[in-house]
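All remarks here apply to the structure that follows.
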Amino acid sequence: MHLLPSRLTLCLAAAAIATGVTFAPAAAQDDTVIATVNGMEITENELTLAEGDLDRQFQQLPPEQRRAAALSALLEIKLLAQKAAEQGIDKDDAFIRRMAFLQIRALHSAFVEKEVAAAVTDEAVRARYDQEIADTPPANEVHARHILVKTREEAQAIIAELDGGKDFGELAREKSTGPSGPAGGDLGYFQAGQMVPEFEAAAFALEVGAYSKEPVQTQFGWHVIKVEDKRAVQPQSFDEVKDQLRSVMMRDKYIEMVGGLRKSAEIDIKDDELKKGVDAINKAE
């Protein structure tokens, strides 16, 4: 069941739309008047822009409720804007400076959308994915269990019990001090680099179904390890990573573009300490 937005959330939505300077992809202009407030028109195009700026919670609403929420927020924006104009706020120096800054931010967003986001096409993202897969060396992962105890002698006694036919999972539940003990010592699958080196080396050296014949010492204590399975690591599918990959590509494109502009720009920061801070940020990028 979809809940209609509350009065408070609609007010917050109006505030978000009024203060935001996001830039949506260009769409066909539709200047159809869908409402007026004190003679001030609200067009279909304004409503579309407002919908794009609604808080994330409103994006989950059905289309008609989302349109209604956006229009309600726009009505409030227009009402308060009219009141502000009546009071001469639009003539205040502070307001004029803020509008100038918002225009610069909007131009920045428009440029990024046109020159950065538009360059990262679906085809480019797919090509980057295919290249990443091709460049990633094949890797294996191990499914292992372990029994963790405090002393070598305890671990040797457990190995003796296993040699005598005792079940590994039962022994783990009975004697392991590790957090996986209640689950029969099951650690699931892991890849190289996910465990401490001594444990990892021993686990990857074992054959499937085998357990360590000598205790393995790590910073956590003494382990007896059993390997349940080994398999090749399967890469994430394109659909699983395409959004994340697109974001990375857009970031890289943005940094490259801004870096080139910075090099050719005349930038003079008057405060030495502030300049050091900015320079440190740029080096980190």
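Ligands are numbered from 1 in the order shown, residues from 1 within each chain, and chains are lettered A, B, ... in the order they appear in the structure tokens.
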
For segment 73-145 of chain A against segment 172-188 of chain A, with a cut-off of 9 Å and counting only C-alpha atoms, what is the closest atom pair and its distance in Å to one decimal for every residue that makes the cut, ordered by chain and number, as a Markdown table?
```
| residue | atom | partner | partner_atom | distance |
| --- | --- | --- | --- | --- |
| A:Val142 | CA | A:Gly188 | CA | 7.9 |
| A:His143 | CA | A:Gly188 | CA | 5.1 |
| A:Ala144 | CA | A:Leu187 | CA | 5.7 |
| A:Arg145 | CA | A:Asp186 | CA | 4.3 |
```

Original post:
Do you know which residues are at most 8 Å from Asn45 of chain A counting only C-alpha atoms, after dropping those on the same chain fewer than 5 positions away, and could you put them as JSON, numbers by chain?
Top reply: {"A": [29, 30, 31, 32]}

Subject >> DSSP strand (DSSP E or B) residues within segment 148-204 of chain A, listed as number ranges by chain >> reply: A: 148-149, 186-191

Residue selection dump (C-alpha atoms) as a compact mmCIF listing (two decimals), in the first residue's frame:
```txt
# COMPACT_ATOMS: atom_id res chain seq x y z
CA LEU A 148 40.12 -22.49 16.83
CA VAL A 149 41.71 -23.31 20.20
CA ASP A 186 31.92 -22.79 8.64
CA LEU A 187 33.68 -19.75 7.17
CA GLY A 188 31.97 -19.88 3.78
CA TYR A 189 33.91 -19.01 0.64
CA PHE A 190 36.88 -16.65 0.73
CA GLN A 191 39.48 -15.44 -1.73
```

**OP:** Measuring atom to atom with only C-alpha atoms, identify which of A:Glu273, A:Met257, A:Arg126, A:Gln234 is nearest to Pro138 of chain A.
**Re:**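 Closest residue, counting only C-alpha atoms: A:Gln234.
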
**OP:** Kindly indicate which residue among A:Glu153, A:Asp268, A:Lys276, A:Phe168 lies nearest to Gln217 of chain A, using only C-alpha atoms for the distances.
**Re:** A:Glu153

Original post:
At what distance in Å, to one decimal, does atom CA of Asp239 of chain A lie from atom CA of Gln60 of chain A?
Top reply: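 Atom CA of Asp239 of chain A lies 21.3 Å from atom CA of Gln60 of chain A.
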
**OP:** May I ask which of the residues A:Ile281, A:Ala106, A:Met250, A:Ile133 is the closest one to Pro235 of chain A, counting only C-alpha atoms?
**Re:** A:Ile133

**OP:** Compile the contact shell of Val196 of chain A as a ChimeraX atom specification: residues with an atom at most 10 Å away, counting only C-alpha atoms, same-chain residues fewer than 5 positions apart removed.
**Re:** /A:201,218-220

**OP:** Please identify all polymer residues within 12 Å of segment 135-137 of chain A, counting only C-alpha atoms, omitting same-chain residues fewer than 2 positions from it, and present them as a list in words.
**Re:**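 In the requested format, the answer is Arg128, Tyr129, Asp130, Gln131, Glu132, Ile133, Ala139, Asn140, Ala232, Val233, Gln234, Pro235 and Gln236 of chain A.
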
**OP:** Would you please work out which residue, of A:Ala50, A:Val37, A:Lys230, A:Leu245, is nearest to Ala127 of chain A when using only C-alpha atoms?
**Re:** A:Leu245

Original post:
Excluding same-chain residues fewer than 6 positions from Ala117 of chain A, what lies within 10 Å of it counting only C-alpha atoms, as a ChimeraX atom specification?
Top reply: /A:25,110-111,246-247,249-251,253-254

Convert the current residue selection to file output with N, CA and C atoms, as an mmCIF file, in the first residue's frame.
```cif
data_model
loop_
_atom_site.group_PDB
_atom_site.id
_atom_site.type_symbol
_atom_site.label_atom_id
_atom_site.label_comp_id
_atom_site.auth_asym_id
_atom_site.auth_seq_id
_atom_site.Cartn_x
_atom_site.Cartn_y
_atom_site.Cartn_z
ATOM 1 N N PRO A 25 18.748 15.929 -17.291
ATOM 2 C CA PRO A 25 18.986 15.908 -18.731
ATOM 3 C C PRO A 25 17.929 16.699 -19.482
ATOM 4 N N ALA A 110 25.036 21.862 -15.650
ATOM 5 C CA ALA A 110 24.641 21.699 -17.050
ATOM 6 C C ALA A 110 25.817 21.252 -17.905
ATOM 7 N N PHE A 111 26.981 21.825 -17.635
ATOM 8 C CA PHE A 111 28.173 21.462 -18.403
ATOM 9 C C PHE A 111 28.572 20.014 -18.129
ATOM 10 N N ARG A 246 29.583 3.137 -14.131
ATOM 11 C CA ARG A 246 29.272 4.418 -14.779
ATOM 12 C C ARG A 246 29.713 5.585 -13.883
ATOM 13 N N SER A 247 29.456 5.465 -12.579
ATOM 14 C CA SER A 247 29.851 6.527 -11.651
ATOM 15 C C SER A 247 31.367 6.704 -11.636
ATOM 16 N N MET A 249 33.451 5.971 -14.068
ATOM 17 C CA MET A 249 33.867 6.550 -15.348
ATOM 18 C C MET A 249 33.547 8.039 -15.407
ATOM 19 N N MET A 250 32.399 8.434 -14.876
ATOM 20 C CA MET A 250 32.044 9.857 -14.842
ATOM 21 C C MET A 250 32.999 10.629 -13.944
ATOM 22 N N ARG A 251 33.345 10.028 -12.801
ATOM 23 C CA ARG A 251 34.297 10.691 -11.902
ATOM 24 C C ARG A 251 35.639 10.879 -12.597
ATOM 25 N N LYS A 253 36.310 10.972 -15.800
ATOM 26 C CA LYS A 253 36.163 11.952 -16.878
ATOM 27 C C LYS A 253 36.133 13.375 -16.319
ATOM 28 N N TYR A 254 35.417 13.548 -15.210
ATOM 29 C CA TYR A 254 35.315 14.859 -14.572
ATOM 30 C C TYR A 254 36.684 15.322 -14.082
#
```

Original post:
Asp279 of chain A: which residues within 12 Å, counting only C-alpha atoms, same-chain residues fewer than 4 positions away excluded, as a ChimeraX atom specification?
Top reply: /A:262,267-269,272-275,283-285

For C-alpha atoms, I'd like the residues from the last selection saved as a PDB file, in the first residue's frame.
```pdb
ATOM      1  CA  ARG A 262      43.112  23.993 -13.830  1.00  0.00           C
ATOM      2  CA  ILE A 267      44.333  30.882 -10.227  1.00  0.00           C
ATOM      3  CA  ASP A 268      45.525  33.209  -7.467  1.00  0.00           C
ATOM      4  CA  ILE A 269      44.641  32.249  -3.875  1.00  0.00           C
ATOM      5  CA  ASP A 272      48.855  31.114   1.940  1.00  0.00           C
ATOM      6  CA  GLU A 273      47.395  28.571   4.373  1.00  0.00           C
ATOM      7  CA  LEU A 274      44.241  28.231   2.314  1.00  0.00           C
ATOM      8  CA  LYS A 275      46.373  27.785  -0.805  1.00  0.00           C
ATOM      9  CA  LYS A 283      47.492  16.372  -5.074  1.00  0.00           C
ATOM     10  CA  ALA A 284      45.294  13.804  -3.324  1.00  0.00           C
ATOM     11  CA  GLU A 285      43.011  13.680  -6.349  1.00  0.00           C
TER      12      GLU A 285
END
```

Determine, using only C-alpha atoms, which residues of segment 123-158 of chain A have any atom at most 7 Å from an atom of segment 212-215 of chain A, and tabulate each with its shortest atom pair and distance in Å to one decimal place, rows ordered by chain and then rising number, as a tab-separated table.
```
residue	atom	partner	partner_atom	distance
A:Arg152	CA	A:Pro215	CA	6.4
A:Ala155	CA	A:Pro215	CA	5.8
A:Gln156	CA	A:Pro215	CA	6.4
```

Write the residues you've just listed into a file as a PDB file, in the first residue's frame, and include N, CA and C atoms for each of them.
```pdb
ATOM      1  N   ARG A 152      48.588 -25.425  21.022  1.00  0.00           N
ATOM      2  CA  ARG A 152      48.940 -26.410  20.008  1.00  0.00           C
ATOM      3  C   ARG A 152      48.499 -27.809  20.437  1.00  0.00           C
ATOM      4  N   ALA A 155      44.899 -28.392  19.692  1.00  0.00           N
ATOM      5  CA  ALA A 155      44.699 -28.589  18.256  1.00  0.00           C
ATOM      6  C   ALA A 155      45.146 -29.987  17.835  1.00  0.00           C
ATOM      7  N   GLN A 156      46.279 -30.476  18.386  1.00  0.00           N
ATOM      8  CA  GLN A 156      46.754 -31.806  18.050  1.00  0.00           C
ATOM      9  C   GLN A 156      45.785 -32.881  18.521  1.00  0.00           C
TER      10      GLN A 156
END
```

Original post:
Which is closest to Asp229 of chain A among A:Ala203, A:Ala160, A:Ile77, A:Val216, if we use only C-alpha atoms?
Top reply: A:Ala203

**OP:** Mind listing the alpha helix (DSSP H) residues of segment 17-111 of chain A, per DSSP on the backbone, as a PyMOL selection string?
**Re:** chain A and resi 17-19+44-53+56-59+63-86+93-111

Dump of C-alpha atoms for the selected residues, as a PDB file, in the first residue's frame:
```pdb
ATOM      1  CA  ILE A  17      13.249  21.882  -4.639  1.00  0.00           C
ATOM      2  CA  ALA A  18      13.679  25.540  -3.769  1.00  0.00           C
ATOM      3  CA  THR A  19      17.280  25.174  -2.577  1.00  0.00           C
ATOM      4  CA  GLU A  44       4.297  21.195 -17.377  1.00  0.00           C
ATOM      5  CA  ASN A  45       8.021  21.763 -17.814  1.00  0.00           C
ATOM      6  CA  GLU A  46       8.344  23.226 -14.314  1.00  0.00           C
ATOM      7  CA  LEU A  47       6.465  20.261 -12.910  1.00  0.00           C
ATOM      8  CA  THR A  48       8.824  17.844 -14.665  1.00  0.00           C
ATOM      9  CA  LEU A  49      11.838  19.660 -13.193  1.00  0.00           C
ATOM     10  CA  ALA A  50      10.233  19.653  -9.749  1.00  0.00           C
ATOM     11  CA  GLU A  51       9.561  15.917  -9.937  1.00  0.00           C
ATOM     12  CA  GLY A  52      13.225  15.333 -10.663  1.00  0.00           C
ATOM     13  CA  ASP A  53      14.207  17.295  -7.570  1.00  0.00           C
ATOM     14  CA  ARG A  56      14.172  10.175  -2.714  1.00  0.00           C
ATOM     15  CA  GLN A  57      11.196   9.032  -0.633  1.00  0.00           C
ATOM     16  CA  PHE A  58       8.847  10.672  -3.144  1.00  0.00           C
ATOM     17  CA  GLN A  59      10.454   8.780  -6.018  1.00  0.00           C
ATOM     18  CA  PRO A  63       3.433   8.539 -10.938  1.00  0.00           C
ATOM     19  CA  GLU A  64       0.182  10.409 -10.267  1.00  0.00           C
ATOM     20  CA  GLN A  65       0.922  10.802  -6.554  1.00  0.00           C
ATOM     21  CA  ARG A  66       4.443  11.947  -7.394  1.00  0.00           C
ATOM     22  CA  ARG A  67       3.089  14.563  -9.787  1.00  0.00           C
ATOM     23  CA  ALA A  68       0.628  15.726  -7.152  1.00  0.00           C
ATOM     24  CA  ALA A  69       3.391  15.981  -4.532  1.00  0.00           C
ATOM     25  CA  ALA A  70       5.581  17.961  -6.925  1.00  0.00           C
ATOM     26  CA  LEU A  71       2.733  20.313  -7.831  1.00  0.00           C
ATOM     27  CA  SER A  72       1.856  20.844  -4.172  1.00  0.00           C
ATOM     28  CA  ALA A  73       5.484  21.732  -3.474  1.00  0.00           C
ATOM     29  CA  LEU A  74       5.570  24.071  -6.476  1.00  0.00           C
ATOM     30  CA  LEU A  75       2.434  25.879  -5.316  1.00  0.00           C
ATOM     31  CA  GLU A  76       4.084  26.562  -1.982  1.00  0.00           C
ATOM     32  CA  ILE A  77       7.274  27.736  -3.693  1.00  0.00           C
ATOM     33  CA  LYS A  78       5.319  30.162  -5.875  1.00  0.00           C
ATOM     34  CA  LEU A  79       3.303  31.478  -2.916  1.00  0.00           C
ATOM     35  CA  LEU A  80       6.392  32.161  -0.838  1.00  0.00           C
ATOM     36  CA  ALA A  81       8.243  33.586  -3.841  1.00  0.00           C
ATOM     37  CA  GLN A  82       5.386  36.031  -4.418  1.00  0.00           C
ATOM     38  CA  LYS A  83       5.493  37.058  -0.767  1.00  0.00           C
ATOM     39  CA  ALA A  84       9.269  37.507  -0.948  1.00  0.00           C
ATOM     40  CA  ALA A  85       8.949  39.716  -4.021  1.00  0.00           C
ATOM     41  CA  GLU A  86       6.304  41.831  -2.260  1.00  0.00           C
ATOM     42  CA  ASP A  93      22.271  42.377  -2.040  1.00  0.00           C
ATOM     43  CA  ALA A  94      22.524  39.019  -0.255  1.00  0.00           C
ATOM     44  CA  PHE A  95      19.815  37.553  -2.483  1.00  0.00           C
ATOM     45  CA  ILE A  96      21.410  38.898  -5.653  1.00  0.00           C
ATOM     46  CA  ARG A  97      24.786  37.418  -4.661  1.00  0.00           C
ATOM     47  CA  ARG A  98      23.155  34.071  -3.894  1.00  0.00           C
ATOM     48  CA  MET A  99      21.358  34.038  -7.247  1.00  0.00           C
ATOM     49  CA  ALA A 100      24.646  34.722  -9.002  1.00  0.00           C
ATOM     50  CA  PHE A 101      26.249  31.792  -7.165  1.00  0.00           C
ATOM     51  CA  LEU A 102      23.309  29.504  -7.935  1.00  0.00           C
ATOM     52  CA  GLN A 103      23.567  30.413 -11.591  1.00  0.00           C
ATOM     53  CA  ILE A 104      27.246  29.424 -11.584  1.00  0.00           C
ATOM     54  CA  ARG A 105      26.400  26.098  -9.911  1.00  0.00           C
ATOM     55  CA  ALA A 106      23.618  25.467 -12.396  1.00  0.00           C
ATOM     56  CA  LEU A 107      25.990  26.176 -15.293  1.00  0.00           C
ATOM     57  CA  HIS A 108      28.494  23.777 -13.756  1.00  0.00           C
ATOM     58  CA  SER A 109      25.839  21.070 -13.498  1.00  0.00           C
ATOM     59  CA  ALA A 110      24.641  21.699 -17.050  1.00  0.00           C
ATOM     60  CA  PHE A 111      28.173  21.462 -18.403  1.00  0.00           C
TER      61      PHE A 111
END
```

Original post:
Given the choices A:Val208, A:Ala118, A:Ala192, A:Val278, which gets closest to Lys226 of chain A if the distance is worked out from only C-alpha atoms?
Top reply: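 Checking each of A:Val208, A:Ala118, A:Ala192, A:Val278 against Lys226 of chain A, counting only C-alpha atoms, the winner is A:Val208.
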